[in-house]
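Text of input34.csv (CSV, C-alpha atoms) as supplied:
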chain,number,residue,atom,x,y,z
A,1,MET,CA,-33.3,31.5,-0.1
A,2,SER,CA,-30.9,29.3,1.9
A,3,ARG,CA,-31.9,27.2,4.9
A,4,PRO,CA,-29.9,24.4,6.5
A,5,GLY,CA,-30.6,21.1,4.8
A,6,TRP,CA,-32.6,22.7,2.0
A,7,PRO,CA,-31.6,22.4,-1.7
A,8,ALA,CA,-30.0,25.6,-3.1
A,9,TYR,CA,-29.4,26.8,-6.7
A,10,LEU,CA,-25.8,27.2,-7.7
A,11,SER,CA,-24.2,28.5,-10.9
A,12,ILE,CA,-20.8,26.8,-11.5
A,13,PRO,CA,-18.4,28.4,-13.9
A,14,SER,CA,-16.9,26.2,-16.5
A,15,PRO,CA,-15.2,26.5,-19.9
A,16,ALA,CA,-18.5,25.3,-21.4
A,17,GLY,CA,-20.3,28.2,-19.8
A,18,ASP,CA,-22.0,28.6,-16.4
A,19,ILE,CA,-23.7,25.4,-15.2
A,20,PRO,CA,-26.9,25.7,-13.2
A,21,ALA,CA,-27.0,23.0,-10.5
A,22,ILE,CA,-29.0,21.9,-7.5
A,23,TRP,CA,-26.9,21.7,-4.4
A,24,ARG,CA,-28.4,19.6,-1.7
A,25,PRO,CA,-26.4,19.9,1.6
A,26,SER,CA,-26.3,17.1,4.2
A,27,ALA,CA,-29.2,17.2,6.7
A,28,PRO,CA,-28.5,19.4,9.7
A,29,ASP,CA,-29.1,16.5,12.1
A,30,ALA,CA,-26.8,14.0,10.2
A,31,ALA,CA,-23.0,13.7,10.7
A,32,ALA,CA,-21.6,15.3,7.5
A,33,GLN,CA,-19.5,13.0,5.4
A,34,PRO,CA,-16.3,14.2,3.7
A,35,PHE,CA,-17.6,13.4,0.2
A,36,ALA,CA,-20.5,14.4,-2.0
A,37,ALA,CA,-22.5,12.7,-4.7
A,38,LEU,CA,-22.2,14.2,-8.2
A,39,PHE,CA,-25.0,13.1,-10.6
A,40,ALA,CA,-24.4,12.5,-14.3
A,41,PRO,CA,-28.0,12.5,-15.6
A,42,PRO,CA,-29.5,10.4,-18.5
A,43,PHE,CA,-30.0,11.7,-22.0
A,44,ALA,CA,-32.8,14.0,-23.2
A,45,GLU,CA,-36.3,13.0,-22.2
A,46,GLU,CA,-34.9,10.1,-20.1
A,47,MET,CA,-33.4,12.8,-17.9
A,48,ASN,CA,-36.8,14.5,-17.3
A,49,ARG,CA,-38.3,11.1,-16.3
A,50,THR,CA,-35.4,10.5,-14.0
A,51,ARG,CA,-35.6,13.8,-12.2
A,52,ARG,CA,-37.8,12.5,-9.4
A,53,LEU,CA,-35.5,9.6,-8.8
A,54,MET,CA,-32.5,11.9,-8.5
A,55,ALA,CA,-34.4,14.3,-6.1
A,56,LEU,CA,-35.5,11.3,-3.9
A,57,ALA,CA,-32.0,9.9,-3.9
A,58,GLY,CA,-30.6,13.3,-3.0
A,59,GLN,CA,-33.0,13.5,0.0
A,60,ARG,CA,-31.9,10.0,1.1
A,61,LEU,CA,-28.3,11.0,0.8
A,62,ALA,CA,-28.8,14.2,2.8
A,63,GLY,CA,-30.3,12.1,5.6
A,64,ARG,CA,-27.1,10.0,5.6
A,65,GLY,CA,-24.9,13.1,5.8
A,66,ILE,CA,-24.1,13.1,2.2
A,67,ALA,CA,-24.4,16.3,0.1
A,68,SER,CA,-25.1,16.0,-3.6
A,69,LEU,CA,-24.8,18.1,-6.7
A,70,LEU,CA,-27.2,17.7,-9.7
A,71,PRO,CA,-26.0,19.8,-12.7
A,72,ASP,CA,-28.1,20.8,-15.7
A,73,LEU,CA,-25.6,19.8,-18.4
A,74,PRO,CA,-25.2,22.3,-21.3
A,75,GLY,CA,-28.4,22.3,-23.4
A,76,THR,CA,-30.5,20.8,-20.6
A,77,GLY,CA,-32.7,22.2,-17.8
A,78,ASP,CA,-31.9,25.8,-17.0
A,79,SER,CA,-28.7,25.9,-19.1
A,80,PRO,CA,-28.8,28.9,-21.5
A,81,GLN,CA,-27.4,26.8,-24.3
A,82,PRO,CA,-29.7,25.2,-26.9
A,83,PHE,CA,-29.6,21.4,-26.8
A,84,ALA,CA,-28.7,21.3,-30.5
A,85,GLN,CA,-25.4,23.0,-29.6
A,86,ALA,CA,-24.6,20.6,-26.8
A,87,THR,CA,-21.4,18.6,-27.2
A,88,TRP,CA,-20.0,15.6,-25.4
A,89,ASP,CA,-16.8,17.5,-24.6
A,90,GLY,CA,-18.9,20.3,-23.1
A,91,TRP,CA,-20.6,17.8,-20.9
A,92,LEU,CA,-17.3,16.3,-19.8
A,93,GLU,CA,-16.0,19.8,-19.0
A,94,SER,CA,-19.1,20.5,-17.0
A,95,LEU,CA,-18.6,17.3,-14.9
A,96,HIS,CA,-15.0,18.3,-14.3
A,97,ALA,CA,-16.0,21.8,-13.2
A,98,CYS,CA,-18.6,20.4,-10.8
A,99,ALA,CA,-16.0,18.0,-9.3
A,100,ALA,CA,-13.6,20.9,-8.9
A,101,HIS,CA,-16.3,22.9,-7.2
A,102,LEU,CA,-16.9,20.0,-4.7
A,103,ASN,CA,-13.2,19.6,-4.1
A,104,GLY,CA,-13.0,23.3,-3.4
A,105,GLN,CA,-15.5,22.8,-0.6
A,106,GLY,CA,-13.2,20.1,0.8
A,107,LEU,CA,-15.4,17.3,-0.5
A,108,ALA,CA,-14.3,14.2,-2.4
A,109,VAL,CA,-16.5,13.1,-5.3
A,110,ARG,CA,-18.6,10.0,-5.7
A,111,LEU,CA,-20.0,9.9,-9.2
A,112,VAL,CA,-23.5,8.6,-9.9
A,113,GLY,CA,-24.0,7.9,-13.6
A,114,ILE,CA,-27.5,7.0,-14.7
A,115,ARG,CA,-28.1,5.5,-18.2
A,116,LEU,CA,-26.1,7.7,-20.7
A,117,GLY,CA,-24.8,9.5,-17.6
A,118,GLY,CA,-23.0,6.3,-16.8
A,119,LEU,CA,-21.1,6.4,-20.1
A,120,LEU,CA,-20.4,10.1,-19.5
A,121,ALA,CA,-19.1,9.5,-16.0
A,122,ALA,CA,-16.9,6.6,-17.2
A,123,ASP,CA,-15.5,8.8,-19.9
A,124,ALA,CA,-14.8,11.6,-17.4
A,125,LEU,CA,-12.9,9.2,-15.2
A,126,ALA,CA,-11.0,7.9,-18.2
A,127,GLN,CA,-10.0,11.5,-18.8
A,128,GLY,CA,-8.6,12.0,-15.4
A,129,LEU,CA,-11.5,13.2,-13.2
A,130,ALA,CA,-10.7,12.1,-9.6
A,131,ALA,CA,-13.5,10.3,-7.9
A,132,GLU,CA,-13.6,7.9,-4.9
A,133,ARG,CA,-16.3,5.8,-6.5
A,134,LEU,CA,-18.5,5.4,-9.5
A,135,VAL,CA,-22.1,4.1,-9.0
A,136,LEU,CA,-23.6,3.1,-12.3
A,137,VAL,CA,-27.4,2.8,-12.7
A,138,ASP,CA,-28.5,0.8,-15.7
A,139,PRO,CA,-25.7,2.3,-17.7
A,140,VAL,CA,-25.6,2.6,-21.5
A,141,GLU,CA,-23.0,0.0,-22.6
A,142,ASP,CA,-22.9,0.8,-26.3
A,143,GLY,CA,-23.4,4.4,-27.5
A,144,ARG,CA,-24.2,3.4,-31.0
A,145,LEU,CA,-27.1,1.2,-29.9
A,146,HIS,CA,-28.4,3.9,-27.6
A,147,MET,CA,-28.5,6.4,-30.5
A,148,ARG,CA,-30.3,3.8,-32.6
A,149,HIS,CA,-32.8,3.5,-29.7
A,150,TRP,CA,-33.4,7.3,-29.8
A,151,LEU,CA,-33.9,7.3,-33.6
A,152,ARG,CA,-36.4,4.4,-33.1
A,153,ILE,CA,-38.3,6.6,-30.6
A,154,ARG,CA,-38.8,9.3,-33.3
A,155,SER,CA,-39.8,6.6,-35.7
A,156,ALA,CA,-42.3,5.1,-33.2
A,157,ALA,CA,-43.8,8.5,-32.6
A,158,SER,CA,-44.7,8.7,-36.3
A,159,LEU,CA,-46.7,5.5,-36.1
A,160,GLU,CA,-49.6,7.2,-34.5
A,161,ILE,CA,-49.4,10.6,-36.0
A,162,GLY,CA,-48.0,10.6,-39.5
A,163,PRO,CA,-46.3,11.0,-41.8
A,164,ARG,CA,-44.2,7.9,-41.2
A,165,ILE,CA,-40.6,8.7,-40.4
A,166,THR,CA,-38.3,5.7,-40.7
A,167,LEU,CA,-35.0,5.0,-39.1
A,168,SER,CA,-33.2,5.0,-42.4
A,169,TYR,CA,-34.7,8.4,-43.3
A,170,LEU,CA,-33.5,9.8,-39.9
A,171,GLN,CA,-30.0,8.3,-40.5
A,172,SER,CA,-29.8,10.0,-43.9
A,173,ARG,CA,-30.8,13.3,-42.4
A,174,LEU,CA,-28.0,13.0,-39.9
A,175,GLU,CA,-25.5,11.9,-42.6
A,176,ALA,CA,-26.4,15.1,-44.5
A,177,GLY,CA,-25.4,17.0,-41.4
A,178,GLU,CA,-28.8,18.0,-40.2
A,179,ALA,CA,-30.1,17.8,-36.7
A,180,VAL,CA,-33.1,15.6,-35.9
A,181,GLU,CA,-35.8,16.3,-33.3
A,182,ILE,CA,-36.6,13.5,-30.9
A,183,ALA,CA,-39.1,13.7,-28.1
A,184,GLY,CA,-38.7,17.5,-28.1
A,185,TYR,CA,-34.9,17.6,-28.2
A,186,GLU,CA,-33.0,18.7,-31.3
A,187,ILE,CA,-30.1,16.4,-31.5
A,188,SER,CA,-27.1,17.3,-33.6
A,189,PRO,CA,-25.3,14.9,-35.9
A,190,GLN,CA,-22.0,15.7,-34.1
A,191,LEU,CA,-23.4,14.6,-30.8
A,192,VAL,CA,-24.9,11.4,-32.3
A,193,ASN,CA,-21.6,10.6,-34.0
A,194,ARG,CA,-19.5,11.1,-30.9
A,195,ILE,CA,-21.8,9.1,-28.6
A,196,SER,CA,-21.9,6.3,-31.3
A,197,THR,CA,-18.1,5.8,-30.9
A,198,LEU,CA,-18.3,5.2,-27.2
A,199,LYS,CA,-18.5,1.9,-25.3
A,200,LEU,CA,-18.6,1.5,-21.5
A,201,ALA,CA,-16.2,-1.4,-21.0
A,202,PRO,CA,-13.1,0.2,-22.6
A,203,LEU,CA,-13.8,3.5,-20.8
A,204,LEU,CA,-14.0,1.7,-17.5
A,205,ASP,CA,-10.7,-0.1,-18.3
A,206,ALA,CA,-9.2,3.3,-19.0
A,207,ALA,CA,-10.7,4.8,-15.9
A,208,GLY,CA,-8.2,2.7,-13.8
A,209,GLU,CA,-8.4,2.3,-10.1
A,210,THR,CA,-11.7,4.0,-9.3
A,211,PRO,CA,-14.0,1.4,-7.7
A,212,VAL,CA,-17.2,0.8,-9.7
A,213,THR,CA,-20.5,-0.6,-8.4
A,214,ARG,CA,-23.5,-1.1,-10.6
A,215,LEU,CA,-27.2,-1.3,-10.1
A,216,ASP,CA,-29.4,-2.9,-12.7
A,217,LEU,CA,-33.1,-3.4,-12.9
A,218,ALA,CA,-35.1,-6.6,-13.1
A,219,PRO,CA,-38.8,-6.6,-14.2
A,220,PRO,CA,-41.1,-5.6,-11.3
A,221,GLY,CA,-42.7,-8.5,-9.5
A,222,THR,CA,-39.8,-10.9,-10.4
A,223,GLU,CA,-37.1,-12.1,-8.2
A,224,ALA,CA,-33.9,-10.0,-8.8
A,225,PRO,CA,-30.8,-12.0,-9.3
A,226,PRO,CA,-28.5,-12.1,-6.2
A,227,ALA,CA,-25.8,-9.4,-5.9
A,228,ALA,CA,-22.3,-10.4,-7.1
A,229,GLN,CA,-19.0,-8.6,-7.7
A,230,GLY,CA,-20.1,-5.1,-7.2
A,231,ARG,CA,-23.3,-5.6,-9.2
A,232,ARG,CA,-26.8,-5.5,-7.7
A,233,ALA,CA,-30.2,-5.8,-9.3
A,234,LEU,CA,-33.5,-4.5,-8.0
A,235,ALA,CA,-36.9,-5.6,-9.2
A,236,ALA,CA,-38.4,-2.2,-10.0
A,237,GLU,CA,-39.9,-0.2,-12.8
A,238,ALA,CA,-37.4,1.9,-14.8
A,239,PRO,CA,-38.6,5.5,-14.3
A,240,TRP,CA,-36.6,6.7,-17.3
A,241,THR,CA,-38.8,4.9,-19.8
A,242,SER,CA,-42.2,5.1,-18.2
A,243,PRO,CA,-44.7,7.8,-19.1
A,244,GLU,CA,-46.6,7.0,-16.0
A,245,PRO,CA,-43.8,6.3,-13.5
A,246,ALA,CA,-44.5,5.1,-10.0
A,247,GLU,CA,-42.7,6.9,-7.2
A,248,PRO,CA,-39.2,5.3,-7.4
A,249,VAL,CA,-38.8,5.0,-3.7
A,250,GLU,CA,-36.9,1.6,-3.6
A,251,LEU,CA,-34.6,2.6,-6.4
A,252,ALA,CA,-33.7,5.9,-4.6
A,253,ALA,CA,-33.0,4.0,-1.4
A,254,ALA,CA,-30.8,1.4,-3.1
A,255,LEU,CA,-28.9,4.2,-5.0
A,256,ALA,CA,-28.3,6.2,-1.8
A,257,GLU,CA,-27.1,3.1,0.0
A,258,MET,CA,-24.6,2.3,-2.8
A,259,VAL,CA,-23.2,5.8,-2.7
A,260,GLY,CA,-23.0,5.9,1.1
A,261,ALA,CA,-22.1,2.3,2.1
A,262,ALA,CA,-18.5,1.2,2.8
A,263,MET,CA,-17.1,-0.2,-0.4
A,264,ALA,CA,-17.3,-3.9,0.7
A,265,GLU,CA,-21.0,-3.5,1.6
A,266,ALA,CA,-21.7,-1.5,-1.5
A,267,ALA,CA,-20.4,-4.4,-3.6
A,268,GLU,CA,-22.5,-7.0,-1.8
Q,1,MET,CA,-46.5,-5.7,-44.6
Q,2,PRO,CA,-49.4,-7.4,-46.4
Q,3,MET,CA,-52.5,-8.0,-44.4
Q,4,SER,CA,-52.4,-11.7,-45.1
Q,5,GLN,CA,-49.3,-11.9,-42.9
Q,6,LEU,CA,-51.0,-10.0,-40.1
Q,7,ILE,CA,-54.0,-12.2,-40.2
Q,8,ALA,CA,-51.6,-15.1,-39.9
Q,9,LYS,CA,-52.6,-16.8,-36.7
Q,10,SER,CA,-51.1,-15.6,-33.5
Q,11,ASP,CA,-49.4,-18.3,-31.6
Q,12,ALA,CA,-50.7,-18.9,-28.0
Q,13,ALA,CA,-47.2,-19.4,-26.6
Q,14,VAL,CA,-46.0,-16.2,-28.3
Q,15,GLU,CA,-49.0,-14.4,-26.7
Q,16,GLU,CA,-48.1,-15.6,-23.3
Q,17,ARG,CA,-44.5,-14.5,-23.6
Q,18,LEU,CA,-45.7,-11.2,-25.0
Q,19,ARG,CA,-47.9,-10.7,-21.9
Q,20,GLU,CA,-44.9,-11.2,-19.7
Q,21,LEU,CA,-43.0,-8.6,-21.7
Q,22,PHE,CA,-45.9,-6.1,-21.5
Q,23,ALA,CA,-46.0,-6.7,-17.7
Q,24,SER,CA,-42.3,-5.9,-17.3
Q,25,VAL,CA,-41.4,-3.5,-20.1
Q,26,LEU,CA,-44.6,-1.4,-20.0
Q,27,GLY,CA,-45.0,-1.8,-16.3
Q,28,LEU,CA,-48.5,-3.2,-16.7
Q,29,GLY,CA,-47.9,-5.8,-14.0
Q,30,ALA,CA,-51.0,-8.0,-13.3
Q,31,ARG,CA,-53.0,-5.9,-15.8
Q,32,ALA,CA,-51.1,-7.7,-18.6
Q,33,GLY,CA,-53.1,-10.8,-17.8
Q,34,ASP,CA,-56.2,-9.1,-19.2
Q,35,LEU,CA,-54.6,-8.6,-22.7
Q,36,THR,CA,-56.6,-10.5,-25.3
Q,37,PRO,CA,-56.0,-10.6,-29.1
Q,38,GLU,CA,-58.8,-8.0,-29.4
Q,39,THR,CA,-57.3,-5.5,-27.0
Q,40,PRO,CA,-56.5,-2.3,-28.8
Q,41,LEU,CA,-52.9,-1.0,-28.3
Q,42,LEU,CA,-51.8,2.1,-30.3
Q,43,GLY,CA,-53.8,5.1,-29.3
Q,44,ALA,CA,-55.6,3.1,-26.6
Q,45,LEU,CA,-52.9,2.0,-24.1
Q,46,PRO,CA,-51.4,5.1,-22.4
Q,47,GLU,CA,-48.3,3.2,-21.4
Q,48,LEU,CA,-47.4,2.6,-25.0
Q,49,ASP,CA,-45.9,6.0,-25.9
Q,50,SER,CA,-43.0,6.4,-28.4
Q,51,MET,CA,-40.3,5.7,-25.8
Q,52,ALA,CA,-42.1,2.6,-24.7
Q,53,ILE,CA,-42.5,1.3,-28.3
Q,54,ALA,CA,-38.8,1.7,-28.9
Q,55,THR,CA,-38.0,-0.1,-25.7
Q,56,LEU,CA,-40.5,-2.8,-26.5
Q,57,LEU,CA,-39.1,-3.3,-30.0
Q,58,THR,CA,-35.6,-3.8,-28.6
Q,59,ALA,CA,-36.9,-6.1,-25.9
Q,60,LEU,CA,-38.8,-8.1,-28.5
Q,61,GLU,CA,-35.6,-8.6,-30.5
Q,62,GLU,CA,-33.7,-9.7,-27.5
Q,63,ARG,CA,-36.4,-11.9,-26.0
Q,64,PHE,CA,-37.5,-13.7,-29.2
Q,65,ASP,CA,-34.1,-13.6,-30.9
Q,66,ILE,CA,-35.4,-11.9,-34.0
Q,67,MET,CA,-34.4,-8.8,-36.0
Q,68,ILE,CA,-37.1,-6.2,-36.5
Q,69,ASP,CA,-36.4,-4.1,-39.5
Q,70,ASP,CA,-37.8,-0.6,-39.1
Q,71,GLU,CA,-39.3,-0.7,-42.6
Q,72,ASP,CA,-41.5,-3.7,-41.3
Q,73,VAL,CA,-42.9,-1.6,-38.4
Q,74,SER,CA,-46.2,0.0,-39.1
Q,75,ALA,CA,-49.2,1.2,-37.2
Q,76,ASP,CA,-51.1,-2.0,-38.3
Q,77,ILE,CA,-48.7,-4.1,-36.2
Q,78,PHE,CA,-49.6,-2.2,-33.0
Q,79,GLU,CA,-53.3,-2.0,-33.7
Q,80,THR,CA,-54.2,-4.8,-31.3
Q,81,PHE,CA,-52.4,-7.3,-29.0
Q,82,GLY,CA,-53.4,-10.0,-31.5
Q,83,SER,CA,-51.9,-8.1,-34.5
Q,84,LEU,CA,-48.6,-7.7,-32.6
Q,85,SER,CA,-48.6,-11.3,-31.6
Q,86,ALA,CA,-49.2,-12.4,-35.2
Q,87,PHE,CA,-46.3,-10.2,-36.4
Q,88,ILE,CA,-44.0,-11.7,-33.8
Q,89,SER,CA,-45.2,-15.3,-34.5
Q,90,ALA,CA,-44.5,-14.8,-38.3
Q,91,LYS,CA,-41.0,-13.4,-37.4
Q,92,VAL,CA,-40.2,-16.3,-35.1
Q,93,ALA,CA,-41.4,-18.9,-37.7
Q,94,ALA,CA,-39.4,-17.2,-40.5
Kindly transcribe the structure held in the file into structure tokens.
Amino acid sequence: MSRPGWPAYLSIPSPAGDIPAIWRPSAPDAAAQPFAALFAPPFAEEMNRTRRLMALAGQRLAGRGIASLLPDLPGTGDSPQPFAQATWDGWLESLHACAAHLNGQGLAVRLVGIRLGGLLAADALAQGLAAERLVLVDPVEDGRLHMRHWLRIRSAASLEIGPRITLSYLQSRLEAGEAVEIAGYEISPQLVNRISTLKLAPLLDAAGETPVTRLDLAPPGTEAPPAAQGRRALAAEAPWTSPEPAEPVELAAALAEMVGAAMAEAAE
Amino acid sequence: MPMSQLIAKSDAAVEERLRELFASVLGLGARAGDLTPETPLLGALPELDSMAIATLLTALEERFDIMIDDEDVSADIFETFGSLSAFISAKVAA
């Protein structure tokens, strides 16, 4: 079913297999912009918890005349591939294929990288993906620490319902070449090892000229630090960690604004 | 961790900083003000799921400038707000 301004399901061919994606065209009553937002979603369960934010941001963008594309990276969502077989290179190829699809529609790309998606988007830029802009949302800075955080989640889950699974036990399983299951996702040692080698700062350096803006979160109810040098902060709950997330309305609005605003304003 | 260390008294200043952390990291907001040493946590507070515990542990390390070894983490620590506060107080004093 296709109606003007309504999201549509797409299947985008890529070397990593067909990528299911949600395509949200610009709203019929808005002046269509010559660029589209391409989302690079967070990792595993964080992605599920961020889905609502990405949908709300997509609606906001559509209202500003900006189309958006939200892919289910290999191993996630409607992708036919099991998560255990997902690879970092497959995810990079998928982002490239999505960007090529947008370019084929005559649209330039503005990348939106959330959490681990920020690291992925930065790596894609470093490997030659052409984008007008990268908007980072609470990006993962150090892949090794992020992977440790996920192992800790599995360890924490065993506190309430035993037997106790420690971080060092999980690390030994990975070193033995076995996958570990965390929050319902089977994570391969290859994926953990690859992500553990990545850091945001060198990737952004290698990404070259693409302008980068960044949105961070401050605790709700506090005063967010003032914006400076392309960085903004918003006092709001982080939907990707909360089991009971509030509707992330302000975050979606800030995100859409940073994607759509002229560069000088976006950096303010 | 031996029980003697858990019974070690929880520091009031640590408790106050811990309330702030619960307000922001777990999104409890003003409800964090109601946390007392007797408040049960694990299995009682819906916000404290595995992802939140991992986030909380990392935030505790950053905020209190301590290292929390995974082998030290047990269900006992998260039994009540007081037991967690006592664990952190002992870490800070160490």
Next on the checklist: Considering all atoms listed in the file, can you say which of A:Val259, A:Ile12, A:Pro74, A:Gly58 comes closest to Gly104 in chain A?
Outcome noted: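 When distances to Gly104 in chain A are compared using all atoms listed in the file, the smallest one comes from A:Ile12.
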Checklist entry - With distances taken over only C-alpha atoms, which of A:Ala218, A:Val137, A:Ala256, A:Ala156 is nearest to Asp70 in chain Q? => result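 Nearest to Asp70 in chain Q: A:Ala156.
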Item to check | Residues of chain Q within 6 Å of chain A, only C-alpha atoms counted, as a VMD selection string | outcome: chain Q and resid 24 50 to 51 54 75
Next on the checklist: Would you compute the distance between CA of Glu20 in chain Q and CA of Gly230 in chain A? Give it in Å to one decimal.
Outcome noted: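 According to the coordinates, CA of Glu20 in chain Q and CA of Gly230 in chain A are separated by 28.4 Å.
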Next on the checklist: Excluding Val109 in chain A and its own-chain neighbours fewer than 6 positions away, which residues fall within 7 Å of it when counting only C-alpha atoms? Please give them as a list in words.
Outcome noted: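 With the cut-off at 7 Å, the set is Phe35, Ala36, Ala37, Leu38, Ala99, Leu102, Ala131 and Glu132 of chain A.
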Next on the checklist: Between CA of Tyr185 in chain A and CA of Val73 in chain Q, what is the distance in Å, rounded to a tenth?
Outcome noted: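 Here the two named atoms are 23.2 Å from each other.
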Work out where the centre of an axis-aligned box around every listed atom of range 8-27 of chain Q lies and how long its edges are once 4 Å is added on each side; give both in Å to one decimal as AutoDock Vina command-line options.
--center_x -47.0 --center_y -10.4 --center_z -28.1 --size_x 19.2 --size_y 26.0 --size_z 31.6
Checklist entry - Please, which residues are within 10 Å of (-51.2, -8.3, -28.1) by the file's coordinates, counting all atoms listed in the file, and could they come as number ranges by chain? => result Q: 10, 14-16, 18-19, 22, 32, 35-41, 77-88
Next on the checklist: Please determine, counting all atoms listed in the file, which residue among A:Val135, A:Leu125, A:Leu200, A:Leu251 has the shortest atom-to-atom distance to Leu111 in chain A.
Outcome noted: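 Closest to Leu111 in chain A of all the choices is A:Val135.
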Checklist outcome for this item: One decimal place gives the CA of Asn103 in chain A-CA of Asn48 in chain A separation as 27.5 Å
Next on the checklist: From the options A:Leu191, A:Leu120, A:Leu69, A:Leu215, which residue's atoms come nearest to Ala227 in chain A, counting only C-alpha atoms?
Outcome noted: A:Leu215
Checklist entry - Which residue gives the smallest distance to Ser74 in chain Q among Q:Leu45, Q:Ala30, Q:Ile53, Q:Ala23, with all atoms listed in the file counted? => result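 Of Q:Leu45, Q:Ala30, Q:Ile53, Q:Ala23, the one nearest Ser74 in chain Q is Q:Ile53, counting all atoms listed in the file.
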Checklist entry - Looking at A:Ser94, A:Leu234, A:Ser11, A:Ala84, which one is nearest to Arg214 in chain A, with distances taken over only C-alpha atoms? => result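 Smallest distance to Arg214 in chain A is found for A:Leu234.
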